[in-house]
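Below: coords.csv (CSV, C-alpha atoms (C1' of nucleotides) and all ligand atoms)
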chain,number,residue,atom,x,y,z
A,1,MET,CA,114.0,119.5,169.3
A,2,ILE,CA,115.3,116.9,171.6
A,3,SER,CA,118.8,116.8,173.0
A,4,PRO,CA,120.7,114.3,171.0
A,5,LEU,CA,120.8,110.9,172.5
A,6,SER,CA,124.2,109.6,173.6
A,7,SER,CA,123.4,106.2,174.9
A,8,LYS,CA,123.2,102.9,173.1
A,9,MET,CA,122.1,99.8,174.8
A,10,ILE,CA,121.9,96.2,173.9
A,11,ARG,CA,123.5,96.4,170.6
A,12,PHE,CA,126.9,95.2,171.6
A,13,SER,CA,129.7,97.6,171.0
A,14,LYS,CA,132.8,96.0,169.6
A,15,LYS,CA,134.4,96.6,173.0
A,16,VAL,CA,131.8,94.5,174.7
A,17,GLU,CA,132.3,91.7,172.1
A,18,TYR,CA,136.1,91.9,172.7
A,19,ALA,CA,135.5,91.9,176.4
A,20,LEU,CA,133.4,88.7,176.1
A,21,MET,CA,136.0,87.0,174.0
A,22,ALA,CA,138.8,88.0,176.3
A,23,LEU,CA,136.9,86.9,179.4
A,24,LYS,CA,136.2,83.6,177.8
A,25,PHE,CA,139.8,83.2,177.0
A,26,ILE,CA,141.0,84.1,180.4
A,27,SER,CA,138.3,81.8,181.9
A,28,ALA,CA,139.5,78.9,179.8
A,29,SER,CA,143.1,79.5,180.9
A,30,ASN,CA,142.2,79.5,184.5
A,31,PRO,CA,144.1,79.8,186.9
A,32,ARG,CA,147.0,80.8,184.6
A,33,LEU,CA,147.9,84.5,184.5
A,34,VAL,CA,147.2,85.7,181.0
A,35,THR,CA,148.7,88.7,179.2
A,36,ALA,CA,146.9,91.2,177.0
A,37,ARG,CA,149.5,90.4,174.3
A,38,GLU,CA,148.6,86.7,174.4
A,39,ILE,CA,144.9,87.4,174.1
A,40,SER,CA,145.4,89.9,171.4
A,41,ASP,CA,147.4,87.4,169.4
A,42,LYS,CA,145.1,84.4,169.9
A,43,VAL,CA,141.8,86.1,169.5
A,44,ASN,CA,142.8,88.7,167.0
A,45,ILE,CA,141.9,91.8,168.8
A,46,PRO,CA,143.9,95.1,168.3
A,47,TYR,CA,146.3,95.2,171.2
A,48,ASP,CA,145.9,98.8,172.2
A,49,LEU,CA,142.1,98.5,172.3
A,50,LEU,CA,142.2,95.3,174.2
A,51,SER,CA,144.5,96.7,176.7
A,52,LYS,CA,142.1,99.5,177.6
A,53,ILE,CA,139.3,97.0,177.8
A,54,LEU,CA,141.1,94.8,180.2
A,55,GLN,CA,142.2,97.8,182.3
A,56,ARG,CA,138.6,98.8,182.5
A,57,LEU,CA,137.4,95.4,183.5
A,58,LYS,CA,140.1,95.4,186.2
A,59,SER,CA,139.1,98.8,187.5
A,60,GLU,CA,135.5,97.5,187.6
A,61,LYS,CA,136.7,94.5,189.7
A,62,ILE,CA,135.8,92.0,187.0
A,63,LEU,CA,139.4,91.1,186.5
A,64,SER,CA,142.4,91.2,188.8
A,65,SER,CA,145.8,92.0,187.5
A,66,THR,CA,149.4,91.9,188.4
A,67,GLN,CA,151.9,94.3,186.9
A,68,GLY,CA,155.5,93.9,186.1
A,69,THR,CA,157.4,91.6,183.8
A,70,HIS,CA,155.4,88.5,184.4
A,71,GLY,CA,152.2,90.2,185.0
A,72,GLY,CA,148.8,89.5,183.5
A,73,TYR,CA,145.1,89.1,184.2
A,74,LEU,CA,142.9,86.7,186.1
A,75,LEU,CA,139.2,86.5,186.7
A,76,ALA,CA,138.3,88.3,189.9
A,77,SER,CA,135.5,85.8,190.6
A,78,SER,CA,134.2,82.6,189.1
A,79,PRO,CA,132.8,82.7,185.6
A,80,ASP,CA,129.3,82.0,186.7
A,81,LYS,CA,129.3,85.0,188.8
A,82,ILE,CA,130.4,87.4,186.1
A,83,PHE,CA,127.2,88.8,184.6
A,84,LEU,CA,126.8,90.1,181.1
A,85,TYR,CA,125.0,93.1,182.4
A,86,GLU,CA,128.0,94.1,184.6
A,87,ILE,CA,130.4,93.6,181.7
A,88,MET,CA,128.3,95.9,179.5
A,89,ARG,CA,128.1,98.4,182.2
A,90,ALA,CA,131.8,98.3,183.0
A,91,ILE,CA,132.7,98.9,179.4
A,92,ASP,CA,130.1,101.2,178.0
A,93,GLY,CA,128.8,102.8,181.1
A,94,ASP,CA,125.1,103.2,182.0
A,95,ARG,CA,122.9,102.6,179.0
A,96,ALA,CA,119.2,102.3,178.6
A,97,LEU,CA,116.5,102.1,175.9
A,98,THR,CA,115.9,105.8,176.2
A,99,GLU,CA,117.8,108.8,177.5
A,100,CYS,CA,115.5,109.5,180.4
A,101,LEU,CA,116.2,106.1,181.9
A,102,ILE,CA,119.9,106.7,182.2
A,103,SER,CA,121.0,107.8,185.7
A,104,GLY,CA,122.4,111.2,185.5
A,105,LYS,CA,120.5,112.2,182.4
A,106,GLU,CA,117.0,112.3,183.8
A,107,GLY,CA,115.4,115.4,182.6
A,108,GLU,CA,117.7,116.1,179.7
A,109,CYS,CA,115.1,115.0,177.2
A,110,GLY,CA,112.7,117.9,177.1
A,111,LEU,CA,109.7,115.8,176.3
A,112,GLU,CA,109.8,114.1,179.6
A,113,ASP,CA,106.9,116.0,181.1
A,114,SER,CA,104.5,115.2,178.3
A,115,CYS,CA,106.0,111.9,177.2
A,116,SER,CA,103.4,109.3,176.6
A,117,ILE,CA,105.7,106.3,176.4
A,118,LYS,CA,108.1,106.8,179.3
A,119,SER,CA,106.2,104.6,181.7
A,120,PRO,CA,105.8,101.6,179.4
A,121,VAL,CA,109.4,101.9,178.2
A,122,THR,CA,110.5,101.9,181.8
A,123,LYS,CA,108.8,98.5,182.3
A,124,LEU,CA,110.4,97.2,179.1
A,125,GLN,CA,113.8,98.4,180.2
A,126,LYS,CA,113.5,96.3,183.4
A,127,GLU,CA,112.7,93.2,181.3
A,128,VAL,CA,115.7,93.8,179.1
A,129,GLU,CA,117.9,94.3,182.1
A,130,GLU,CA,116.7,91.1,183.7
A,131,LEU,CA,117.6,89.3,180.5
A,132,PHE,CA,121.2,90.6,180.6
A,133,LYS,CA,121.5,90.1,184.3
A,134,SER,CA,120.6,86.5,183.9
A,135,LYS,CA,123.5,85.7,181.6
A,136,THR,CA,127.1,85.1,182.8
A,137,ILE,CA,130.2,84.3,180.9
A,138,SER,CA,129.6,80.7,181.7
A,139,ASP,CA,126.7,80.9,179.3
A,140,PHE,CA,129.0,82.0,176.6
A,141,VAL,CA,130.2,78.5,175.8
B,142,MET,CA,140.7,95.5,162.3
B,143,ILE,CA,137.1,94.9,162.1
B,144,SER,CA,134.8,96.7,159.7
B,145,PRO,CA,133.0,99.4,161.5
B,146,LEU,CA,129.7,98.3,162.8
B,147,SER,CA,126.7,100.1,161.4
B,148,SER,CA,123.9,98.5,163.4
B,149,LYS,CA,122.4,99.5,166.6
B,150,MET,CA,119.8,97.4,168.3
B,151,ILE,CA,117.7,97.7,171.3
B,152,ARG,CA,118.6,101.2,172.2
B,153,PHE,CA,115.7,103.0,170.7
B,154,SER,CA,116.5,105.6,168.2
B,155,LYS,CA,114.6,108.8,168.6
B,156,LYS,CA,112.7,107.9,165.4
B,157,VAL,CA,111.4,104.7,167.1
B,158,GLU,CA,110.4,106.7,170.1
B,159,TYR,CA,108.6,109.2,167.9
B,160,ALA,CA,107.0,106.3,166.0
B,161,LEU,CA,105.7,104.8,169.2
B,162,MET,CA,104.2,108.1,170.4
B,163,ALA,CA,102.6,108.7,167.0
B,164,LEU,CA,101.2,105.2,166.9
B,165,LYS,CA,99.8,105.6,170.3
B,166,PHE,CA,98.2,108.9,169.3
B,167,ILE,CA,96.7,107.5,166.2
B,168,SER,CA,95.5,104.5,168.0
B,169,ALA,CA,93.8,106.7,170.6
B,170,SER,CA,92.1,108.7,167.9
B,171,ASN,CA,90.8,105.6,166.1
B,172,PRO,CA,89.0,105.5,163.7
B,173,ARG,CA,89.6,109.1,162.9
B,174,LEU,CA,92.0,110.1,160.2
B,175,VAL,CA,94.9,111.9,161.8
B,176,THR,CA,97.3,114.2,160.1
B,177,ALA,CA,101.1,114.5,160.6
B,178,ARG,CA,100.6,118.1,161.5
B,179,GLU,CA,98.2,117.3,164.3
B,180,ILE,CA,100.5,114.7,165.8
B,181,SER,CA,103.5,117.0,165.5
B,182,ASP,CA,101.7,119.7,167.4
B,183,LYS,CA,100.1,117.5,170.1
B,184,VAL,CA,103.1,115.3,170.8
B,185,ASN,CA,105.9,117.9,170.1
B,186,ILE,CA,107.8,116.1,167.4
B,187,PRO,CA,109.5,118.0,164.6
B,188,TYR,CA,107.1,118.0,161.7
B,189,ASP,CA,109.6,117.1,158.9
B,190,LEU,CA,111.0,114.2,160.9
B,191,LEU,CA,107.7,112.9,161.9
B,192,SER,CA,106.5,113.0,158.3
B,193,LYS,CA,109.2,110.7,157.2
B,194,ILE,CA,108.5,108.4,160.0
B,195,LEU,CA,104.9,108.1,159.2
B,196,GLN,CA,105.7,107.6,155.5
B,197,ARG,CA,108.0,104.8,156.5
B,198,LEU,CA,105.4,103.2,158.7
B,199,LYS,CA,103.0,103.5,155.8
B,200,SER,CA,105.3,101.9,153.3
B,201,GLU,CA,105.9,99.1,155.8
B,202,LYS,CA,102.1,98.5,156.0
B,203,ILE,CA,101.9,99.5,159.6
B,204,LEU,CA,99.8,102.5,158.8
B,205,SER,CA,97.5,103.3,155.9
B,206,SER,CA,97.2,106.8,154.5
B,207,THR,CA,95.0,108.8,152.3
B,208,GLN,CA,96.4,111.8,150.4
B,209,GLY,CA,94.8,115.0,149.5
B,210,THR,CA,93.3,117.9,151.4
B,211,HIS,CA,91.6,115.9,154.0
B,212,GLY,CA,94.1,113.1,154.1
B,213,GLY,CA,95.8,111.6,157.0
B,214,TYR,CA,96.9,108.3,158.6
B,215,LEU,CA,95.2,105.3,160.2
B,216,LEU,CA,96.4,102.1,161.8
B,217,ALA,CA,96.6,99.4,159.2
B,218,SER,CA,95.6,96.8,161.8
B,219,SER,CA,94.5,96.6,165.3
B,220,PRO,CA,96.9,97.9,168.0
B,221,ASP,CA,97.4,94.5,169.5
B,222,LYS,CA,98.6,93.2,166.2
B,223,ILE,CA,101.3,95.9,165.7
B,224,PHE,CA,104.5,94.5,167.2
B,225,LEU,CA,107.3,96.6,168.6
B,226,TYR,CA,109.7,94.4,166.8
B,227,GLU,CA,108.1,95.3,163.5
B,228,ILE,CA,108.1,99.0,164.3
B,229,MET,CA,111.7,99.0,165.0
B,230,ARG,CA,112.5,97.1,161.9
B,231,ALA,CA,110.4,99.3,159.8
B,232,ILE,CA,112.2,102.4,161.0
B,233,ASP,CA,115.7,101.4,161.6
B,234,GLY,CA,116.0,98.4,159.4
B,235,ASP,CA,117.6,95.1,160.3
B,236,ARG,CA,119.5,95.3,163.5
B,237,ALA,CA,121.1,92.8,165.8
B,238,LEU,CA,123.4,92.5,168.8
B,239,THR,CA,126.3,91.9,166.4
B,240,GLU,CA,127.2,92.6,162.9
B,241,CYS,CA,127.3,89.0,161.8
B,242,LEU,CA,123.7,88.5,162.8
B,243,ILE,CA,122.3,91.1,160.4
B,244,SER,CA,121.0,89.6,157.2
B,245,GLY,CA,123.1,90.9,154.4
B,246,LYS,CA,126.2,91.5,156.5
B,247,GLU,CA,127.1,87.9,157.3
B,248,GLY,CA,130.8,87.6,156.8
B,249,GLU,CA,131.6,91.3,156.9
B,250,CYS,CA,133.1,90.9,160.3
B,251,GLY,CA,136.4,89.3,159.5
B,252,LEU,CA,136.6,87.5,162.9
B,253,GLU,CA,133.7,85.4,162.0
B,254,ASP,CA,135.7,82.2,161.4
B,255,SER,CA,137.5,82.2,164.6
B,256,CYS,CA,134.9,84.0,166.7
B,257,SER,CA,134.3,82.3,170.0
B,258,ILE,CA,131.1,84.2,170.9
B,259,LYS,CA,129.1,84.0,167.8
B,260,SER,CA,127.1,81.0,168.7
B,261,PRO,CA,126.1,82.1,172.2
B,262,VAL,CA,125.3,85.6,170.9
B,263,THR,CA,123.0,84.1,168.3
B,264,LYS,CA,121.0,82.4,171.1
B,265,LEU,CA,120.8,85.6,173.0
B,266,GLN,CA,119.7,87.5,170.0
B,267,LYS,CA,116.8,85.2,169.7
B,268,GLU,CA,115.8,85.8,173.2
B,269,VAL,CA,116.0,89.6,172.7
B,270,GLU,CA,113.9,89.3,169.5
B,271,GLU,CA,111.3,87.3,171.3
B,272,LEU,CA,111.0,90.0,173.9
B,273,PHE,CA,110.4,92.7,171.3
B,274,LYS,CA,108.1,90.4,169.3
B,275,SER,CA,106.0,89.9,172.4
B,276,LYS,CA,105.2,93.6,172.8
B,277,THR,CA,102.6,95.5,170.8
B,278,ILE,CA,101.5,99.1,170.9
B,279,SER,CA,98.6,98.0,173.1
B,280,ASP,CA,101.3,97.3,175.7
B,281,PHE,CA,102.3,100.9,175.5
B,282,VAL,CA,99.5,102.2,177.7
C,283,DT,C1',90.3,125.7,137.4
C,284,DT,C1',92.9,126.9,140.8
C,285,DG,C1',94.9,127.0,145.3
C,286,DA,C1',95.5,125.2,149.8
C,287,DA,C1',96.3,121.2,152.5
C,288,DA,C1',97.7,117.1,152.8
C,289,DG,C1',101.0,113.0,151.8
C,290,DC,C1',105.5,111.6,149.3
C,291,DG,C1',110.4,111.5,149.1
C,292,DG,C1',115.3,112.7,148.0
C,293,DA,C1',119.4,115.5,149.3
C,294,DC,C1',121.7,117.7,152.7
C,295,DT,C1',123.9,119.3,157.3
C,296,DA,C1',125.6,119.3,162.0
C,297,DA,C1',126.5,116.9,166.0
C,298,DT,C1',127.7,112.9,168.2
C,299,DC,C1',129.7,108.5,168.9
C,300,DA,C1',132.4,104.2,168.2
C,301,DA,C1',136.6,102.2,166.9
C,302,DG,C1',141.1,102.4,166.7
C,303,DT,C1',145.8,104.6,167.3
C,304,DC,C1',149.6,106.7,169.7
C,305,DC,C1',152.4,108.0,173.3
C,306,DT,C1',154.1,108.2,177.8
C,307,DA,C1',154.2,106.6,182.5
C,308,DT,C1',154.8,102.9,186.2
C,309,DT,C1',155.7,98.4,188.0
C,310,DT,C1',158.6,94.4,188.6
C,311,DA,C1',161.4,90.1,187.6
C,312,DG,C1',165.9,88.8,186.2
D,313,DC,C1',169.1,98.6,184.3
D,314,DT,C1',166.4,96.9,181.0
D,315,DA,C1',162.8,94.3,179.0
D,316,DA,C1',158.1,93.0,179.5
D,317,DA,C1',154.1,93.9,181.4
D,318,DT,C1',150.0,96.9,183.2
D,319,DA,C1',148.1,101.8,183.4
D,320,DG,C1',145.9,105.5,181.2
D,321,DG,C1',145.3,110.0,178.7
D,322,DA,C1',144.9,112.3,174.1
D,323,DC,C1',143.8,112.1,169.6
D,324,DT,C1',142.0,110.8,164.7
D,325,DT,C1',138.9,108.9,161.7
D,326,DG,C1',134.7,107.3,159.9
D,327,DA,C1',130.0,106.2,160.5
D,328,DT,C1',125.6,107.1,162.3
D,329,DT,C1',121.8,109.9,164.1
D,330,DA,C1',118.8,113.6,164.3
D,331,DG,C1',117.1,117.0,162.1
D,332,DT,C1',116.3,120.3,158.0
D,333,DC,C1',115.1,121.8,153.4
D,334,DC,C1',113.0,121.8,149.1
D,335,DG,C1',110.3,120.3,145.5
D,336,DC,C1',106.6,116.9,143.8
D,337,DT,C1',101.9,114.7,143.7
D,338,DT,C1',97.2,114.0,145.2
D,339,DT,C1',92.7,115.6,146.4
D,340,DC,C1',89.0,118.6,147.7
D,341,DA,C1',86.3,122.6,147.6
D,342,DA,C1',85.5,127.4,146.6
E,1,LIG,S1,111.0,108.1,176.5
E,1,LIG,FE1,109.9,110.0,176.4
E,1,LIG,S2,110.9,111.1,178.0
E,1,LIG,FE2,112.2,109.3,177.9
E,1,LIG,S3,113.7,110.0,176.4
E,1,LIG,FE3,112.2,109.2,175.1
E,1,LIG,S4,111.0,110.9,174.7
E,1,LIG,FE4,112.2,111.7,176.4
E,2,LIG,S1,131.6,87.1,164.3
E,2,LIG,FE1,132.0,87.4,166.5
E,2,LIG,S2,133.1,89.3,166.3
E,2,LIG,FE2,132.3,89.2,164.4
E,2,LIG,S3,130.4,90.2,164.7
E,2,LIG,FE3,129.8,88.1,165.0
E,2,LIG,S4,130.1,88.1,167.1
E,2,LIG,FE4,131.0,90.0,166.7

What does the file become when written as structure tokens?
Ligand code: SF4
Ligand code: SF4
Amino acid sequence: MISPLSSKMIRFSKKVEYALMALKFISASNPRLVTAREISDKVNIPYDLLSKILQRLKSEKILSSTQGTHGGYLLASSPDKIFLYEIMRAIDGDRALTECLISGKEGECGLEDSCSIKSPVTKLQKEVEELFKSKTISDFV
Amino acid sequence: MISPLSSKMIRFSKKVEYALMALKFISASNPRLVTAREISDKVNIPYDLLSKILQRLKSEKILSSTQGTHGGYLLASSPDKIFLYEIMRAIDGDRALTECLISGKEGECGLEDSCSIKSPVTKLQKEVEELFKSKTISDFV
DNA sequence: TTGAAAGCGGACTAATCAAGTCCTATTTAG
DNA sequence: CTAAATAGGACTTGATTAGTCCGCTTTCAA
């Protein structure tokens, strides 16, 4: 009937949880360079998974990294400028309450023309976004 | 590492979207008794799926129903007393940002003891809940 | 009294997604 | 030149979602 929905929003994926823990850890170690291995050990996150999460955060400019033997990660900006919303987006991509609100998927729903809830849901989506945009990793004491 | 997470929250499931549309429709037809078939036709929702959604809303006391030839559904209370949060809960069960915050699953996570984000996430969860508790189907103009 | 129209409800399937693993580069200090 | 680190693609597994199917029960009216 409706094309299957591929987007989750607001329920944290494990990856996002791991990202938050990792970012907290890195933040607490500031300005020391921290390795994926160290975080994996201290916070008990599977190493391979964590690696990819950190790489992703790096590619999204939330972290900076140095390669090589004594490499590691650092926050790319101060903790109170790293917003939850951006972390979620970096890791899980664009998400929204409904399919039609995800950029790139507008019009894949099929009910969109006749949909009676799209407009109110759009408003609600904005409120949810505001909530997540208002939190930074500094709030994750 | 961590037991797989079985809870989604805040991304609406299609069922919740359908529920909202159906409730809007029933609300608009008030106080006429409305059948699942009629809603299915008018709103373009698969009949079988919709049936189960309505049944669920009924069993959760959000709708009332009458069986038999001229049966159908009615709102069990006024639209401004039917909260989004309750609809979501009726349909998808208990959900939360993280596994550890779902009643019945406390302690299934495995990281719970050492988790550095549980407390801030708990706070955030409350804010999210407040948001959904503040919306009723009257807000879904 | 019987049949059609409605609600009730479990079992099932197919597609999709999340979580985690594995493997192979590339970079760089010592 | 090698060990330790980041980088990143391919893959597997299990869980979840969306949707279907089928049979039962209730009620009304012909
Ligand atoms: S809100 Fe309406 S249009 Fe948007 S995805 Fe849900 S059904 Fe389709
Ligand atoms: S304890 Fe920490 S890791 Fe486990 S579910 Fe709760 S928040 Fe996520």

Output the coordinates of chain A after least-squares fitting to chain B on all in-order C-alpha pairs, as a tab-separated table (two decimals) with C-alpha atoms, in the frame of the given file.
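This is the output file out.tsv:
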chain	number	residue	atom	x	y	z
A	1	MET	CA	140.85	95.46	162.42
A	2	ILE	CA	137.20	94.86	162.16
A	3	SER	CA	134.89	96.58	159.72
A	4	PRO	CA	133.12	99.25	161.61
A	5	LEU	CA	129.79	98.25	162.92
A	6	SER	CA	126.76	100.06	161.49
A	7	SER	CA	123.93	98.50	163.34
A	8	LYS	CA	122.39	99.44	166.65
A	9	MET	CA	119.72	97.41	168.22
A	10	ILE	CA	117.52	97.74	171.20
A	11	ARG	CA	118.55	101.12	172.22
A	12	PHE	CA	115.64	103.00	170.79
A	13	SER	CA	116.50	105.57	168.22
A	14	LYS	CA	114.58	108.78	168.59
A	15	LYS	CA	112.68	107.78	165.44
A	16	VAL	CA	111.44	104.64	167.08
A	17	GLU	CA	110.35	106.64	170.19
A	18	TYR	CA	108.52	109.12	167.88
A	19	ALA	CA	107.01	106.25	166.01
A	20	LEU	CA	105.67	104.77	169.29
A	21	MET	CA	104.24	108.06	170.38
A	22	ALA	CA	102.64	108.69	167.03
A	23	LEU	CA	101.17	105.19	166.86
A	24	LYS	CA	99.76	105.62	170.29
A	25	PHE	CA	98.24	108.85	169.29
A	26	ILE	CA	96.75	107.55	166.14
A	27	SER	CA	95.49	104.47	168.07
A	28	ALA	CA	93.78	106.67	170.62
A	29	SER	CA	92.10	108.68	167.85
A	30	ASN	CA	90.77	105.64	166.19
A	31	PRO	CA	88.99	105.51	163.68
A	32	ARG	CA	89.56	109.24	162.97
A	33	LEU	CA	92.00	110.09	160.17
A	34	VAL	CA	94.90	111.89	161.76
A	35	THR	CA	97.36	114.28	160.12
A	36	ALA	CA	101.11	114.44	160.63
A	37	ARG	CA	100.65	118.15	161.48
A	38	GLU	CA	98.20	117.30	164.28
A	39	ILE	CA	100.53	114.72	165.77
A	40	SER	CA	103.49	116.94	165.47
A	41	ASP	CA	101.67	119.69	167.31
A	42	LYS	CA	100.19	117.54	170.09
A	43	VAL	CA	103.14	115.36	170.80
A	44	ASN	CA	105.86	117.83	170.07
A	45	ILE	CA	107.73	116.06	167.42
A	46	PRO	CA	109.57	117.99	164.59
A	47	TYR	CA	107.19	117.90	161.68
A	48	ASP	CA	109.60	117.04	158.93
A	49	LEU	CA	111.02	114.10	160.90
A	50	LEU	CA	107.65	112.84	161.84
A	51	SER	CA	106.48	112.98	158.36
A	52	LYS	CA	109.23	110.66	157.16
A	53	ILE	CA	108.50	108.34	160.03
A	54	LEU	CA	104.88	108.06	159.20
A	55	GLN	CA	105.64	107.60	155.48
A	56	ARG	CA	107.91	104.78	156.45
A	57	LEU	CA	105.39	103.13	158.67
A	58	LYS	CA	102.89	103.39	155.79
A	59	SER	CA	105.28	101.88	153.29
A	60	GLU	CA	105.86	99.06	155.82
A	61	LYS	CA	102.05	98.51	155.98
A	62	ILE	CA	101.86	99.53	159.63
A	63	LEU	CA	99.81	102.55	158.77
A	64	SER	CA	97.45	103.31	155.92
A	65	SER	CA	97.16	106.75	154.52
A	66	THR	CA	95.05	108.87	152.33
A	67	GLN	CA	96.47	111.81	150.43
A	68	GLY	CA	94.94	115.04	149.42
A	69	THR	CA	93.46	117.92	151.36
A	70	HIS	CA	91.73	115.92	154.00
A	71	GLY	CA	94.15	113.16	154.08
A	72	GLY	CA	95.86	111.56	157.04
A	73	TYR	CA	96.87	108.30	158.68
A	74	LEU	CA	95.12	105.33	160.20
A	75	LEU	CA	96.33	102.13	161.77
A	76	ALA	CA	96.56	99.41	159.16
A	77	SER	CA	95.58	96.77	161.73
A	78	SER	CA	94.46	96.68	165.33
A	79	PRO	CA	96.85	97.92	167.98
A	80	ASP	CA	97.35	94.53	169.48
A	81	LYS	CA	98.61	93.24	166.29
A	82	ILE	CA	101.22	95.91	165.76
A	83	PHE	CA	104.43	94.52	167.26
A	84	LEU	CA	107.27	96.55	168.64
A	85	TYR	CA	109.71	94.42	166.78
A	86	GLU	CA	108.08	95.27	163.40
A	87	ILE	CA	108.02	98.97	164.26
A	88	MET	CA	111.75	98.89	165.05
A	89	ARG	CA	112.43	97.05	161.94
A	90	ALA	CA	110.32	99.31	159.75
A	91	ILE	CA	112.10	102.37	161.03
A	92	ASP	CA	115.67	101.39	161.59
A	93	GLY	CA	115.97	98.42	159.36
A	94	ASP	CA	117.49	95.05	160.35
A	95	ARG	CA	119.46	95.34	163.55
A	96	ALA	CA	121.07	92.80	165.76
A	97	LEU	CA	123.42	92.53	168.77
A	98	THR	CA	126.34	91.98	166.46
A	99	GLU	CA	127.14	92.65	162.82
A	100	CYS	CA	127.30	89.03	161.78
A	101	LEU	CA	123.70	88.48	162.80
A	102	ILE	CA	122.36	91.09	160.45
A	103	SER	CA	121.01	89.66	157.16
A	104	GLY	CA	123.05	90.94	154.37
A	105	LYS	CA	126.14	91.57	156.44
A	106	GLU	CA	127.11	88.01	157.24
A	107	GLY	CA	130.74	87.68	156.68
A	108	GLU	CA	131.64	91.34	156.81
A	109	CYS	CA	133.17	90.98	160.24
A	110	GLY	CA	136.47	89.32	159.55
A	111	LEU	CA	136.61	87.52	162.83
A	112	GLU	CA	133.70	85.39	161.98
A	113	ASP	CA	135.70	82.27	161.25
A	114	SER	CA	137.51	82.27	164.57
A	115	CYS	CA	134.88	84.03	166.65
A	116	SER	CA	134.37	82.38	169.95
A	117	ILE	CA	131.17	84.17	170.92
A	118	LYS	CA	129.08	84.09	167.75
A	119	SER	CA	127.12	81.02	168.71
A	120	PRO	CA	126.14	82.14	172.21
A	121	VAL	CA	125.33	85.65	170.98
A	122	THR	CA	123.11	84.12	168.35
A	123	LYS	CA	121.06	82.42	171.10
A	124	LEU	CA	120.91	85.68	173.05
A	125	GLN	CA	119.77	87.56	169.98
A	126	LYS	CA	116.78	85.18	169.64
A	127	GLU	CA	115.80	85.86	173.28
A	128	VAL	CA	115.98	89.59	172.72
A	129	GLU	CA	113.93	89.30	169.59
A	130	GLU	CA	111.28	87.25	171.33
A	131	LEU	CA	111.06	89.98	173.94
A	132	PHE	CA	110.39	92.66	171.30
A	133	LYS	CA	108.10	90.45	169.33
A	134	SER	CA	105.97	89.93	172.35
A	135	LYS	CA	105.18	93.61	172.82
A	136	THR	CA	102.54	95.52	170.78
A	137	ILE	CA	101.47	99.08	170.92
A	138	SER	CA	98.64	98.00	173.10
A	139	ASP	CA	101.23	97.39	175.76
A	140	PHE	CA	102.34	100.93	175.51
A	141	VAL	CA	99.54	102.26	177.69

Which residues sit within 12 Å of ligand LIG 2 (chain E), counting only C-alpha atoms (C1' of nucleotides) and all ligand atoms, listed as a PyMOL selection string? (chain A and resi 11-22+43-45+140) or (chain B and resi 142-148+237-244+246-266)

Now that the selection is made, can you save its residues with C-alpha atoms as a CSV table (one decimal), keeping the file's coordinate frame?
chain,number,residue,atom,x,y,z
A,11,ARG,CA,123.5,96.4,170.6
A,12,PHE,CA,126.9,95.2,171.6
A,13,SER,CA,129.7,97.6,171.0
A,14,LYS,CA,132.8,96.0,169.6
A,15,LYS,CA,134.4,96.6,173.0
A,16,VAL,CA,131.8,94.5,174.7
A,17,GLU,CA,132.3,91.7,172.1
A,18,TYR,CA,136.1,91.9,172.7
A,19,ALA,CA,135.5,91.9,176.4
A,20,LEU,CA,133.4,88.7,176.1
A,21,MET,CA,136.0,87.0,174.0
A,22,ALA,CA,138.8,88.0,176.3
A,43,VAL,CA,141.8,86.1,169.5
A,44,ASN,CA,142.8,88.7,167.0
A,45,ILE,CA,141.9,91.8,168.8
A,140,PHE,CA,129.0,82.0,176.6
B,142,MET,CA,140.7,95.5,162.3
B,143,ILE,CA,137.1,94.9,162.1
B,144,SER,CA,134.8,96.7,159.7
B,145,PRO,CA,133.0,99.4,161.5
B,146,LEU,CA,129.7,98.3,162.8
B,147,SER,CA,126.7,100.1,161.4
B,148,SER,CA,123.9,98.5,163.4
B,237,ALA,CA,121.1,92.8,165.8
B,238,LEU,CA,123.4,92.5,168.8
B,239,THR,CA,126.3,91.9,166.4
B,240,GLU,CA,127.2,92.6,162.9
B,241,CYS,CA,127.3,89.0,161.8
B,242,LEU,CA,123.7,88.5,162.8
B,243,ILE,CA,122.3,91.1,160.4
B,244,SER,CA,121.0,89.6,157.2
B,246,LYS,CA,126.2,91.5,156.5
B,247,GLU,CA,127.1,87.9,157.3
B,248,GLY,CA,130.8,87.6,156.8
B,249,GLU,CA,131.6,91.3,156.9
B,250,CYS,CA,133.1,90.9,160.3
B,251,GLY,CA,136.4,89.3,159.5
B,252,LEU,CA,136.6,87.5,162.9
B,253,GLU,CA,133.7,85.4,162.0
B,254,ASP,CA,135.7,82.2,161.4
B,255,SER,CA,137.5,82.2,164.6
B,256,CYS,CA,134.9,84.0,166.7
B,257,SER,CA,134.3,82.3,170.0
B,258,ILE,CA,131.1,84.2,170.9
B,259,LYS,CA,129.1,84.0,167.8
B,260,SER,CA,127.1,81.0,168.7
B,261,PRO,CA,126.1,82.1,172.2
B,262,VAL,CA,125.3,85.6,170.9
B,263,THR,CA,123.0,84.1,168.3
B,264,LYS,CA,121.0,82.4,171.1
B,265,LEU,CA,120.8,85.6,173.0
B,266,GLN,CA,119.7,87.5,170.0

Please, which residues in chain A fall within 8 Å of chain D when counting all atoms listed in the file, and what is the closest atom pair and distance in Å to one decimal for each, ordered by chain then residue number, as a tab-separated table?
residue	atom	partner	partner_atom	distance
A:Pro4	CA	D:DA330	C1'	7.0
A:Thr35	CA	D:DA317	C1'	7.8
A:Lys52	CA	D:DG320	C1'	8.0
A:Gln55	CA	D:DA319	C1'	7.2
A:Ser65	CA	D:DT318	C1'	7.8
A:Thr66	CA	D:DT318	C1'	7.2
A:Gln67	CA	D:DT318	C1'	4.9
A:Gly68	CA	D:DA317	C1'	4.9
A:Thr69	CA	D:DA316	C1'	4.6
A:His70	CA	D:DA317	C1'	6.3
A:Gly71	CA	D:DA317	C1'	5.5
A:Gly72	CA	D:DA317	C1'	7.2
